[in-house]
Each structure stands twice: as C-alpha cells, then as structure tokens.
>>> print(open('run-v7.txt').read())   # compact mmCIF, C-alpha atoms and all ligand atoms
# COMPACT_ATOMS: atom_id res chain seq x y z
CA MET A 43 93.19 101.30 117.72
CA PHE A 44 91.27 99.23 115.18
CA SER A 45 89.44 96.02 116.08
CA LYS A 46 91.06 92.80 114.88
CA TYR A 47 87.53 91.36 114.39
CA ASP A 48 86.68 94.11 111.93
CA ALA A 49 90.05 93.76 110.23
CA TRP A 50 89.73 90.04 109.59
CA ASP A 51 86.03 90.31 108.61
CA ILE A 52 86.84 92.95 106.02
CA MET A 53 89.78 91.03 104.59
CA SER A 54 88.10 87.63 104.48
CA GLN A 55 84.59 88.71 103.39
CA SER A 56 85.01 91.40 100.77
CA GLY A 57 85.00 89.13 97.73
CA ASP A 58 87.16 86.53 96.00
CA ASN A 59 89.38 88.88 94.02
CA VAL A 60 91.91 90.06 96.54
CA VAL A 61 95.11 91.86 95.61
CA ILE A 62 97.96 92.34 98.08
CA ALA A 63 100.69 94.90 97.39
CA THR A 64 103.60 96.46 99.22
CA HIS A 65 106.30 99.08 98.77
CA HIS A 66 108.89 99.47 96.01
CA GLY A 67 112.08 97.56 96.77
CA PRO A 68 110.37 95.26 99.27
CA ASP A 69 112.29 94.28 102.41
CA GLY A 70 111.84 91.22 104.61
CA ASP A 71 108.85 92.70 106.43
CA ALA A 72 107.11 93.59 103.17
CA VAL A 73 107.69 90.19 101.56
CA GLY A 74 106.90 88.31 104.80
CA ALA A 75 103.66 90.27 105.28
CA CYS A 76 102.48 89.56 101.72
CA PHE A 77 103.30 85.85 101.92
CA ALA A 78 101.79 85.32 105.39
CA LEU A 79 98.61 87.22 104.61
CA ALA A 80 98.12 85.33 101.34
CA GLN A 81 98.43 82.01 103.17
CA ALA A 82 96.05 83.18 105.89
CA LEU A 83 93.41 84.18 103.31
CA ILE A 84 93.53 80.72 101.75
CA THR A 85 91.96 79.37 104.94
CA SER A 86 88.89 81.46 104.01
CA GLY A 87 88.85 80.02 100.50
CA ILE A 88 90.44 83.09 98.92
CA TYR A 89 93.40 82.76 96.58
CA PRO A 90 94.85 86.30 96.54
CA LYS A 91 97.29 87.74 94.03
CA ILE A 92 100.41 89.51 95.25
CA ILE A 93 101.91 92.36 93.23
CA LEU A 94 105.57 92.48 94.11
CA ASP A 95 108.53 94.55 92.91
CA LYS A 96 111.88 92.75 92.46
CA TYR A 97 113.12 91.51 95.81
CA ASN A 98 116.25 89.86 97.13
CA GLU A 99 115.92 86.13 96.42
CA LYS A 100 117.02 85.29 99.96
CA PHE A 101 113.45 86.09 101.06
CA ASP A 102 112.33 82.97 99.20
CA VAL A 103 113.58 81.06 102.26
CA VAL A 104 109.90 81.33 103.25
CA LYS A 105 107.05 80.05 101.10
CA GLY A 106 104.65 82.29 99.20
CA LYS A 107 106.04 83.20 95.82
CA ALA A 108 103.39 81.07 94.09
CA PHE A 109 100.92 83.89 94.86
CA ILE A 110 102.90 86.50 92.93
CA HIS A 111 101.14 87.90 89.88
CA HIS A 112 103.51 88.25 86.93
CA GLY A 113 102.89 90.75 84.19
CA ASP A 114 100.59 93.76 83.93
CA ALA A 115 98.41 94.20 87.00
CA THR A 116 96.30 97.06 85.65
CA GLU A 117 93.42 94.85 84.50
CA LEU A 118 93.29 92.46 87.47
CA PRO A 119 89.81 91.99 88.91
CA CYS A 120 89.88 93.59 92.35
CA ASP A 121 87.22 93.43 95.05
CA LEU A 122 89.71 94.17 97.77
CA PHE A 123 93.09 95.87 97.61
CA ILE A 124 95.34 95.38 100.64
CA ALA A 125 98.50 97.51 100.96
CA VAL A 126 100.99 96.29 103.56
CA ASP A 127 103.97 98.15 105.08
CA CYS A 128 103.33 101.39 103.13
CA ALA A 129 103.01 104.82 104.76
CA ASP A 130 101.24 106.34 101.75
CA PHE A 131 100.13 105.34 98.28
CA SER A 132 103.20 106.80 96.58
CA ARG A 133 105.16 103.98 98.27
CA VAL A 134 102.87 101.24 96.91
CA HIS A 135 104.25 99.22 94.01
CA ALA A 136 100.97 98.81 92.08
CA PRO A 137 98.98 100.76 89.48
CA ARG A 138 96.97 103.62 91.00
CA THR A 139 94.05 102.74 88.71
CA LEU A 140 93.84 99.30 90.33
CA PHE A 141 93.64 100.84 93.80
CA ASP A 142 91.01 103.36 92.62
CA ARG A 143 88.97 100.60 90.98
CA ALA A 144 88.97 98.31 94.05
CA LYS A 145 85.62 98.09 95.81
CA ILE A 146 87.32 98.11 99.19
CA THR A 147 90.81 99.20 100.18
CA VAL A 148 92.83 98.29 103.26
CA ASN A 149 96.11 99.68 104.60
CA ILE A 150 98.06 97.64 107.16
CA ASP A 151 101.14 99.43 108.43
CA HIS A 152 103.36 100.50 111.32
CA HIS A 153 105.07 103.63 109.95
CA ILE A 154 104.63 106.66 112.18
CA ASN A 155 103.80 108.97 109.25
CA ASN A 156 101.08 106.71 107.81
CA GLY A 157 98.57 108.85 105.95
CA ASN A 158 95.51 106.54 106.39
CA PHE A 159 95.17 106.47 102.61
CA ALA A 160 92.76 103.53 102.34
CA ARG A 161 89.11 103.15 103.28
CA HIS A 162 90.08 100.88 106.18
CA ASN A 163 93.35 101.66 107.93
CA PHE A 164 94.81 99.10 110.30
CA VAL A 165 97.76 101.11 111.48
CA ASP A 166 99.66 100.39 114.70
CA THR A 167 102.74 102.56 115.09
CA THR A 168 103.73 100.72 118.28
CA ALA A 169 104.31 97.51 116.30
CA ALA A 170 107.93 96.79 115.38
CA SER A 171 106.91 95.37 112.02
CA THR A 172 103.88 94.98 109.77
CA CYS A 173 104.22 91.22 110.28
CA GLU A 174 103.58 91.77 113.99
CA ILE A 175 100.30 93.56 113.15
CA ILE A 176 99.30 90.79 110.77
CA PHE A 177 99.92 88.22 113.48
CA ASN A 178 97.68 90.22 115.83
CA ILE A 179 94.92 90.36 113.23
CA ILE A 180 94.95 86.73 112.07
CA ASN A 181 95.91 84.97 115.28
CA MET A 182 92.32 84.62 116.59
CA PHE A 183 90.85 83.47 113.30
CA VAL A 184 93.43 81.41 111.43
CA PRO A 185 95.32 78.32 112.58
CA ILE A 186 98.86 79.57 112.05
CA ASN A 187 100.89 76.81 110.42
CA LYS A 188 104.67 76.74 110.18
CA TYR A 189 104.74 78.31 106.71
CA MET A 190 102.73 81.37 107.79
CA ALA A 191 104.77 81.50 110.98
CA ALA A 192 108.06 81.45 109.06
CA ALA A 193 106.95 84.36 106.85
CA LEU A 194 105.80 86.42 109.84
CA TYR A 195 108.99 85.61 111.72
CA MET A 196 111.12 86.73 108.79
CA GLY A 197 109.40 90.13 108.75
CA MET A 198 109.70 90.57 112.50
CA LEU A 199 113.33 89.51 112.47
CA THR A 200 114.42 91.79 109.63
CA ASP A 201 112.51 94.92 110.66
CA THR A 202 113.99 94.73 114.16
CA GLY A 203 117.54 94.07 112.92
CA GLY A 204 117.46 90.65 114.58
CA PHE A 205 115.34 91.81 117.57
CA ARG A 206 117.85 94.56 118.39
CA TYR A 207 116.16 97.87 117.56
CA SER A 208 114.32 99.83 120.23
CA ALA A 209 110.96 99.19 118.55
CA THR A 210 111.34 95.56 119.75
CA THR A 211 108.98 95.03 122.69
CA PRO A 212 108.29 92.16 125.10
CA LYS A 213 105.17 91.60 122.97
CA THR A 214 107.38 91.22 119.88
CA MET A 215 109.37 88.50 121.62
CA GLU A 216 106.21 86.77 122.89
CA ILE A 217 104.86 86.61 119.35
CA ALA A 218 108.21 85.38 118.01
CA GLY A 219 108.09 82.63 120.66
CA LEU A 220 104.56 81.61 119.69
CA LEU A 221 105.59 81.48 116.03
CA MET A 222 108.68 79.39 116.86
CA SER A 223 106.49 76.79 118.54
CA THR A 224 105.03 75.88 115.12
CA GLY A 225 108.37 74.22 114.38
CA PHE A 226 109.92 76.01 111.41
CA ASP A 227 113.69 76.34 111.05
CA PHE A 228 114.17 79.77 112.68
CA GLY A 229 117.98 79.46 112.64
CA GLY A 230 117.86 78.79 108.92
CA ILE A 231 115.80 81.93 108.33
CA GLN A 232 118.22 84.02 110.36
CA ARG A 233 121.20 82.57 108.52
CA GLU A 234 119.62 83.20 105.13
CA VAL A 235 118.10 86.68 105.59
CA ILE A 236 120.50 88.31 108.08
CA PHE A 237 123.91 86.77 107.52
CA SER A 238 124.19 85.06 104.14
CA LYS A 239 125.44 87.12 101.22
CA SER A 240 125.59 86.44 97.52
CA LYS A 241 128.88 87.03 95.71
CA ALA A 242 127.31 90.13 94.12
CA GLU A 243 126.41 91.47 97.57
CA VAL A 244 129.97 90.90 98.78
CA ALA A 245 131.29 92.73 95.71
CA ALA A 246 128.95 95.66 96.40
CA PHE A 247 129.96 95.61 100.05
CA THR A 248 133.66 95.65 99.17
CA LYS A 249 133.17 98.62 96.86
CA ALA A 250 131.12 100.49 99.46
CA LEU A 251 133.89 99.92 102.03
CA GLN A 252 136.51 101.18 99.59
CA ASN A 253 134.45 104.37 99.15
CA LEU A 254 133.77 104.78 102.88
CA LYS A 255 134.37 108.22 104.38
CA TYR A 256 133.82 109.85 107.75
CA CYS A 257 132.64 113.24 108.95
CA GLU A 258 134.99 113.13 111.92
CA ASP A 259 133.36 115.90 113.98
CA SER A 260 129.88 114.48 113.86
CA GLY A 261 130.48 110.73 113.90
CA ILE A 262 128.96 110.08 110.50
CA ALA A 263 130.11 107.27 108.23
CA PHE A 264 129.00 107.39 104.62
CA SER A 265 129.69 105.79 101.31
CA ALA A 266 128.50 106.20 97.76
CA LEU A 267 128.13 103.98 94.72
CA THR A 268 127.89 105.58 91.30
CA LEU A 269 126.23 103.97 88.30
CA ASP A 270 129.75 103.28 87.01
CA ASP A 271 130.68 101.51 90.26
CA MET A 272 127.60 99.33 90.06
CA ALA A 273 128.07 98.52 86.37
CA GLN A 274 131.74 97.70 86.95
CA ILE A 275 131.01 95.10 89.63
CA GLY A 276 127.73 93.98 88.08
CA VAL A 277 125.45 94.47 91.05
CA LYS A 278 121.71 95.07 91.11
CA ARG A 279 119.75 97.33 93.45
CA THR A 280 118.66 94.30 95.48
CA ASP A 281 122.32 93.45 96.22
CA LEU A 282 122.77 96.59 98.31
CA GLU A 283 120.66 95.85 101.38
CA GLY A 284 122.31 95.79 104.77
CA ILE A 285 125.44 97.68 103.74
CA VAL A 286 124.48 100.89 105.52
CA GLU A 287 123.65 99.00 108.74
CA TYR A 288 127.18 97.70 108.84
CA PHE A 289 128.60 101.24 109.02
CA LEU A 290 126.73 101.72 112.31
CA ASP A 291 128.80 98.92 113.83
CA ILE A 292 131.91 101.11 113.57
CA ARG A 293 132.73 102.30 117.07
CA GLY A 294 132.02 106.00 117.63
CA ILE A 295 129.67 106.26 114.67
CA GLU A 296 126.30 107.90 115.42
CA ALA A 297 124.76 107.93 111.98
CA ALA A 298 125.42 106.32 108.61
CA ALA A 299 124.44 107.05 105.04
CA LEU A 300 124.72 105.18 101.76
CA PHE A 301 124.23 107.15 98.55
CA LEU A 302 123.34 105.51 95.24
CA GLU A 303 123.30 107.16 91.87
CA ARG A 304 120.15 106.27 89.91
CA GLU A 305 119.55 106.13 86.16
CA ASN A 306 116.74 108.68 86.30
CA GLY A 307 118.99 111.45 87.61
CA HIS A 308 117.94 110.84 91.19
CA VAL A 309 120.01 110.27 94.30
CA LYS A 310 118.88 107.45 96.60
CA VAL A 311 120.06 107.72 100.18
CA SER A 312 119.61 105.20 103.00
CA LEU A 313 120.08 106.55 106.51
CA ARG A 314 120.62 104.74 109.78
CA SER A 315 121.40 105.89 113.31
CA HIS A 316 121.60 104.73 116.89
CA ALA A 317 119.72 107.65 118.45
CA ILE A 318 119.27 110.51 115.96
CA ASP A 319 115.88 110.84 114.25
CA VAL A 320 116.98 110.30 110.65
CA SER A 321 113.38 110.16 109.37
CA LYS A 322 113.34 113.96 109.79
CA VAL A 323 116.45 114.21 107.61
CA ALA A 324 114.81 111.96 104.99
CA ASN A 325 111.64 114.10 105.14
CA ARG A 326 113.62 117.11 103.99
CA PHE A 327 114.29 115.22 100.75
CA ASP A 328 110.72 113.92 100.26
CA GLY A 329 111.61 110.59 101.87
CA GLY A 330 110.61 109.00 105.14
CA GLY A 331 110.71 105.83 107.16
CA HIS A 332 111.39 105.10 110.76
CA LYS A 333 113.18 107.12 113.41
CA PHE A 334 116.46 105.21 113.12
CA ALA A 335 116.10 103.81 109.60
CA ALA A 336 114.92 106.03 106.78
CA ALA A 337 115.49 106.68 103.09
CA ALA A 338 114.89 109.23 100.38
CA ASP A 339 115.02 109.26 96.60
CA PHE A 340 115.24 112.75 95.13
CA GLU A 341 116.25 114.61 92.00
CA ALA A 342 119.75 116.13 92.23
CA GLY A 343 123.22 115.94 90.80
CA PHE A 344 125.00 113.09 92.58
CA GLU A 345 127.71 115.18 94.26
CA GLU A 346 125.35 118.06 95.03
CA GLY A 347 122.67 115.75 96.46
CA LYS A 348 125.24 114.01 98.67
CA LYS A 349 126.49 117.31 99.99
CA GLN A 350 122.98 118.54 100.80
CA VAL A 351 122.03 115.40 102.73
CA LEU A 352 125.32 115.29 104.65
CA GLU A 353 124.88 118.91 105.72
CA ILE A 354 121.42 118.27 107.14
CA LEU A 355 122.54 114.97 108.70
CA GLU A 356 125.51 116.68 110.39
CA GLN A 357 123.22 119.33 111.82
CA ALA A 358 120.87 116.61 113.08
CA VAL A 359 123.75 114.82 114.85
CA LEU A 360 125.47 117.91 116.23
CA TYR A 361 122.32 119.66 117.47
CA ALA A 362 120.31 116.64 118.59
MN MN B 1 108.06 97.35 108.02
>>> encode(input="run-v7.txt", output="structure tokens", more="lines below")
Ligand SMILES: [Mn+2]
Amino acid sequence: MFSKYDAWDIMSQSGDNVVIATHHGPDGDAVGACFALAQALITSGIYPKIILDKYNEKFDVVKGKAFIHHGDATELPCDLFIAVDCADFSRVHAPRTLFDRAKITVNIDHHINNGNFARHNFVDTTAASTCEIIFNIINMFVPINKYMAAALYMGMLTDTGGFRYSATTPKTMEIAGLLMSTGFDFGGIQREVIFSKSKAEVAAFTKALQNLKYCEDSGIAFSALTLDDMAQIGVKRTDLEGIVEYFLDIRGIEAAALFLERENGHVKVSLRSHAIDVSKVANRFDGGGHKFAAAADFEAGFEEGKKQVLEILEQAVLYA
C-alpha cells in the first residue's frame, strides 16, 4: 500500500500546472473525485484544471464545475497529470499527448484490474470508491470543508449504490460519518443523485422497460435501446444511468444487462449482478469494471453483439 504522505507531497508539490482527468462518461465517483481533489489542492495554492467528458447535470449538486477546462486540452501546460477512477489509460478522457508531456503522472483508483499506468500509482482495491481513497490521502493534510465533503460523499454514495454493495465496509461508513459532520445537506445529495430523474431519463427508462426481456432459465433481465429508440424519445447517453440497476430489483433476477447501439457501429453493454462476476464477462468483450458492475463497448452488429454477450452471461450465471 502507498503512503498517504508521499501521495499528498507529490500532488501538492509537483508544480502549479496540475491537470485532473477521469474516465469517459464520468459517474458520481469520477465527478466527485475530480471536484474534491481540485478543492483540496487549492489549500496548497494550486488552481488545477479538470478535463471532464459530458456528465449528468445532477452531479452539479456538489460544487466544483468552475475548475473544468473547456475546449482543447492538448496544449495545456502540465507539470502534474492526475487520473482518478481509471483502471488504465484507455479509460482516461484526455489527450494521450498531454499525459506523455506531463512531468509527473499520478493514478488514483480502486479498480481491481488497475494497470499501474502512471509514474505514481495510488491504487487501493479494497476501497469502495475513488472518493474514499482521496479522503484517506487528503484527510491528514487538508481541512475538509463541507464542499469537499459533499463531493467525496457523492462519490462514495453512488459507487456503493447508496452504501448497499458488498464493497461497502465499516471504514466506508466511518468516513461517510466524518464527512457528514461538516454539515452539508446529505439528504439533498441522495435525493438528487440517486432518486431524482429528468423527464428525458424517465422517457429512456420507459422505453427500456418496454423492451425488457428475460432469459427465464438463467435469471437474466436485459433490455436494449437502438439509435432509433434514442432518437425517437430524444435522450442522450447521460440520460441512461441507473436503468440497468433497476432490473436487478426484479425478484429472481441474478444478472442484468442493458445494450445500447452506438453511432460508430459499436455495442455498449452495461452489466450488473448480485453475485456473479460480470467483470469477467465484460473482459471477454474488451471491457471491464467491478465484480458486480461492469461494462464493455465493442465493435459488432447490434443483434449479433447482444447475442454474444447474452450467451457468455448465461454461462456465467448457470455455471457460477
Ligand atoms: Mn469508482
């Protein structure tokens, strides 16, 4: 395990030009980690720039978007490049040339398949979220105010499915408690990021439910949205989060999949399960993730790609 002293020294003393980046299609943990880390670095007189893909606007319930760099990031000055919540560089939403040009690179992550792709790798696969790792790093050195706390809490909350998933530990809850004591509106964050839905999200959800099917023998629920479906109801990629989790709430269902047709001729699949290791299924299609929550994005005809994934997923459930 890395030393939190080293981690904070490296991040706070490697120069003024700090860039923070995270994965494509950032989730609550990714956005929360970027926002919290940026605010923490300010206490050392550093004003970092965050490179961020489009994200669901509900994550703006916590402060930090002022740090986002808009426009081309290729030419940004970069003493230190920090990647958060990314298992390998192919996941990072930032130009490779920027990473290669950085004097120092850091990788903070909790994915089990992390490839230690940076010069300094602060990877803790026992942490339920990257925000939990960031708390552990900054806690000794930075007075955590309610804005940082809210961002960290959002990441911890979303990556644990509301403190439900098995990666949630007593330590996770202790940290959540410490963060709560700073006095932010934790109920408001939960309402906004877990429960609230935009009209577009409800439309996407309705369509996904209309297309829902079961593999009766294996306890799999799956749905698919084609480009036509999405155009018809006018939804964006960021409106589709959380749909696949809902399928797992259906009694008797062991694993769930949501397939999306993509413009580039790819199939995107999100996989969830209660007990089956779906990251292994995702690996077969060049994807990855966590044991019970994984995804892949691969080149295939939509129907053919669906069939291939469902076959492997059925095997995983039936022979687990
Ligand atoms: Mn995460």
>>> residues_near_ligand(input="run-v7.txt", ligand="ligand MN 1 (chain B)", cutoff="6 Å", atoms="all atoms listed in the file", output="PyMOL selection string")
chain A and resi 71+127+171-172+201
>>> residues_near_point(input="run-v7.txt", point="(99.4, 100.1, 104.1)", cutoff="8 Å", atoms="only C-alpha atoms", output="number ranges by chain")
A: 64, 124-131, 148-151, 156, 158-160, 163-165
>>> residues_around(input="run-v7.txt", residues="Asp166 in chain A", least_positions_apart="3", cutoff="8 Å", atoms="only C-alpha atoms", output="list in words")
Met43, Asp151, His152, His153, Ala169 and Ile175 of chain A
>>> residues_around(input="run-v7.txt", residues="Ser86 in chain A", least_positions_apart="2", cutoff="10 Å", atoms="only C-alpha atoms", output="list of chain:residue names")
A:Met53, A:Ser54, A:Gln55, A:Asp58, A:Gln81, A:Ala82, A:Leu83, A:Ile84, A:Ile88, A:Tyr89, A:Phe183, A:Val184
>>> write_last_selection(input="run-v7.txt", atoms="C-alpha atoms", output="PDB file, keeping the file's coordinate frame")
ATOM      1  CA  MET A  53      89.780  91.030 104.590  1.00  0.00           C
ATOM      2  CA  SER A  54      88.100  87.630 104.480  1.00  0.00           C
ATOM      3  CA  GLN A  55      84.590  88.710 103.390  1.00  0.00           C
ATOM      4  CA  ASP A  58      87.160  86.530  96.000  1.00  0.00           C
ATOM      5  CA  GLN A  81      98.430  82.010 103.170  1.00  0.00           C
ATOM      6  CA  ALA A  82      96.050  83.180 105.890  1.00  0.00           C
ATOM      7  CA  LEU A  83      93.410  84.180 103.310  1.00  0.00           C
ATOM      8  CA  ILE A  84      93.530  80.720 101.750  1.00  0.00           C
ATOM      9  CA  ILE A  88      90.440  83.090  98.920  1.00  0.00           C
ATOM     10  CA  TYR A  89      93.400  82.760  96.580  1.00  0.00           C
ATOM     11  CA  PHE A 183      90.850  83.470 113.300  1.00  0.00           C
ATOM     12  CA  VAL A 184      93.430  81.410 111.430  1.00  0.00           C
TER      13      VAL A 184
END
>>> closest_residue(input="run-v7.txt", among="A:Leu251, A:Val244, A:Ile231, A:Leu79", to="Asn178 in chain A", atoms="all atoms listed in the file")
A:Leu79
>>> residues_around(input="run-v7.txt", residues="Cys76 in chain A", least_positions_apart="4", cutoff="7 Å", atoms="all atoms listed in the file", output="VMD selection string")
chain A and resid 62 72 80 92
>>> closest_residue(input="run-v7.txt", among="A:Pro137, A:Phe264, A:Ile180, A:Ile275", to="Lys349 in chain A", atoms="only C-alpha atoms")
A:Phe264
>>> closest_residue(input="run-v7.txt", among="A:Val134, A:Met196, A:Val309, A:Ile295", to="Thr268 in chain A", atoms="all atoms listed in the file")
A:Val309
>>> closest_residue(input="run-v7.txt", among="A:Thr85, A:Gln232, A:Ser321, A:Thr200", to="Gly284 in chain A", atoms="all atoms listed in the file")
A:Thr200
>>> atom_distance(input="run-v7.txt", atom1="CA of Ala63 in chain A", atom2="CA of Thr280 in chain A")
18.1 Å
>>> decode(input="run-v7.txt", residues="range 186-269 of chain A", atoms="C-alpha atoms", output="short mmCIF file (atom, residue, chain, number, x, y, z; two decimals), in the first residue's frame")
data_model
loop_
_atom_site.label_atom_id
_atom_site.label_comp_id
_atom_site.auth_asym_id
_atom_site.auth_seq_id
_atom_site.Cartn_x
_atom_site.Cartn_y
_atom_site.Cartn_z
CA ILE A 186 -12.04 19.19 4.81
CA ASN A 187 -14.80 21.76 4.42
CA LYS A 188 -18.42 20.97 3.61
CA TYR A 189 -17.95 21.47 -0.14
CA MET A 190 -15.11 18.93 -0.37
CA ALA A 191 -17.05 16.65 1.95
CA ALA A 192 -20.16 16.83 -0.23
CA ALA A 193 -18.19 15.89 -3.36
CA LEU A 194 -16.49 12.96 -1.62
CA TYR A 195 -19.80 11.82 -0.15
CA MET A 196 -21.44 11.87 -3.57
CA GLY A 197 -18.76 9.56 -4.97
CA MET A 198 -18.95 7.18 -2.03
CA LEU A 199 -22.73 7.13 -2.16
CA THR A 200 -23.03 6.46 -5.89
CA ASP A 201 -20.25 3.87 -6.22
CA THR A 202 -21.76 1.82 -3.38
CA GLY A 203 -25.32 2.09 -4.72
CA GLY A 204 -26.33 4.04 -1.62
CA PHE A 205 -23.99 2.10 0.73
CA ARG A 206 -25.53 -1.22 -0.34
CA TYR A 207 -22.90 -3.05 -2.38
CA SER A 208 -20.58 -5.56 -0.74
CA ALA A 209 -17.56 -3.30 -1.29
CA THR A 210 -19.05 -1.06 1.44
CA THR A 211 -17.01 -1.54 4.63
CA PRO A 212 -17.27 -0.26 8.21
CA LYS A 213 -14.45 2.09 7.19
CA THR A 214 -16.63 3.44 4.35
CA MET A 215 -19.39 4.24 6.83
CA GLU A 216 -16.94 5.80 9.31
CA ILE A 217 -15.66 8.12 6.59
CA ALA A 218 -19.21 8.95 5.47
CA GLY A 219 -19.97 9.85 9.10
CA LEU A 220 -16.92 12.10 9.37
CA LEU A 221 -17.90 13.84 6.14
CA MET A 222 -21.49 14.31 7.34
CA SER A 223 -20.23 16.13 10.42
CA THR A 224 -19.08 19.02 8.19
CA GLY A 225 -22.76 19.90 7.80
CA PHE A 226 -23.64 19.57 4.12
CA ASP A 227 -27.12 18.51 3.01
CA PHE A 228 -26.55 14.75 2.64
CA GLY A 229 -30.26 14.04 2.12
CA GLY A 230 -30.30 16.54 -0.72
CA ILE A 231 -27.37 14.82 -2.42
CA GLN A 232 -29.04 11.44 -2.11
CA ARG A 233 -32.30 12.80 -3.49
CA GLU A 234 -30.57 14.45 -6.42
CA VAL A 235 -28.06 11.77 -7.47
CA ILE A 236 -29.86 8.54 -6.55
CA PHE A 237 -33.57 9.20 -6.86
CA SER A 238 -34.32 12.26 -8.96
CA LYS A 239 -34.84 11.78 -12.68
CA SER A 240 -35.15 14.20 -15.53
CA LYS A 241 -38.06 13.81 -17.93
CA ALA A 242 -35.60 12.52 -20.54
CA GLU A 243 -34.38 9.87 -18.09
CA VAL A 244 -37.94 8.79 -17.39
CA ALA A 245 -38.60 8.55 -21.13
CA ALA A 246 -35.47 6.40 -21.58
CA PHE A 247 -36.50 4.29 -18.60
CA THR A 248 -39.99 3.75 -20.00
CA LYS A 249 -38.58 2.66 -23.35
CA ALA A 250 -36.08 0.32 -21.69
CA LEU A 251 -38.92 -1.26 -19.68
CA GLN A 252 -41.00 -1.71 -22.84
CA ASN A 253 -38.05 -3.54 -24.43
CA LEU A 254 -37.32 -5.64 -21.31
CA LYS A 255 -36.84 -9.37 -21.82
CA TYR A 256 -35.86 -12.31 -19.65
CA CYS A 257 -33.71 -15.38 -20.07
CA GLU A 258 -36.01 -17.44 -17.88
CA ASP A 259 -33.62 -20.35 -17.19
CA SER A 260 -30.75 -18.23 -16.01
CA GLY A 261 -32.49 -15.35 -14.24
CA ILE A 262 -31.20 -12.66 -16.57
CA ALA A 263 -33.13 -9.50 -17.34
CA PHE A 264 -32.00 -7.44 -20.29
CA SER A 265 -33.11 -4.59 -22.46
CA ALA A 266 -31.80 -2.78 -25.49
CA LEU A 267 -32.10 0.70 -26.94
CA THR A 268 -31.34 1.22 -30.61
CA LEU A 269 -30.21 4.52 -32.11
#
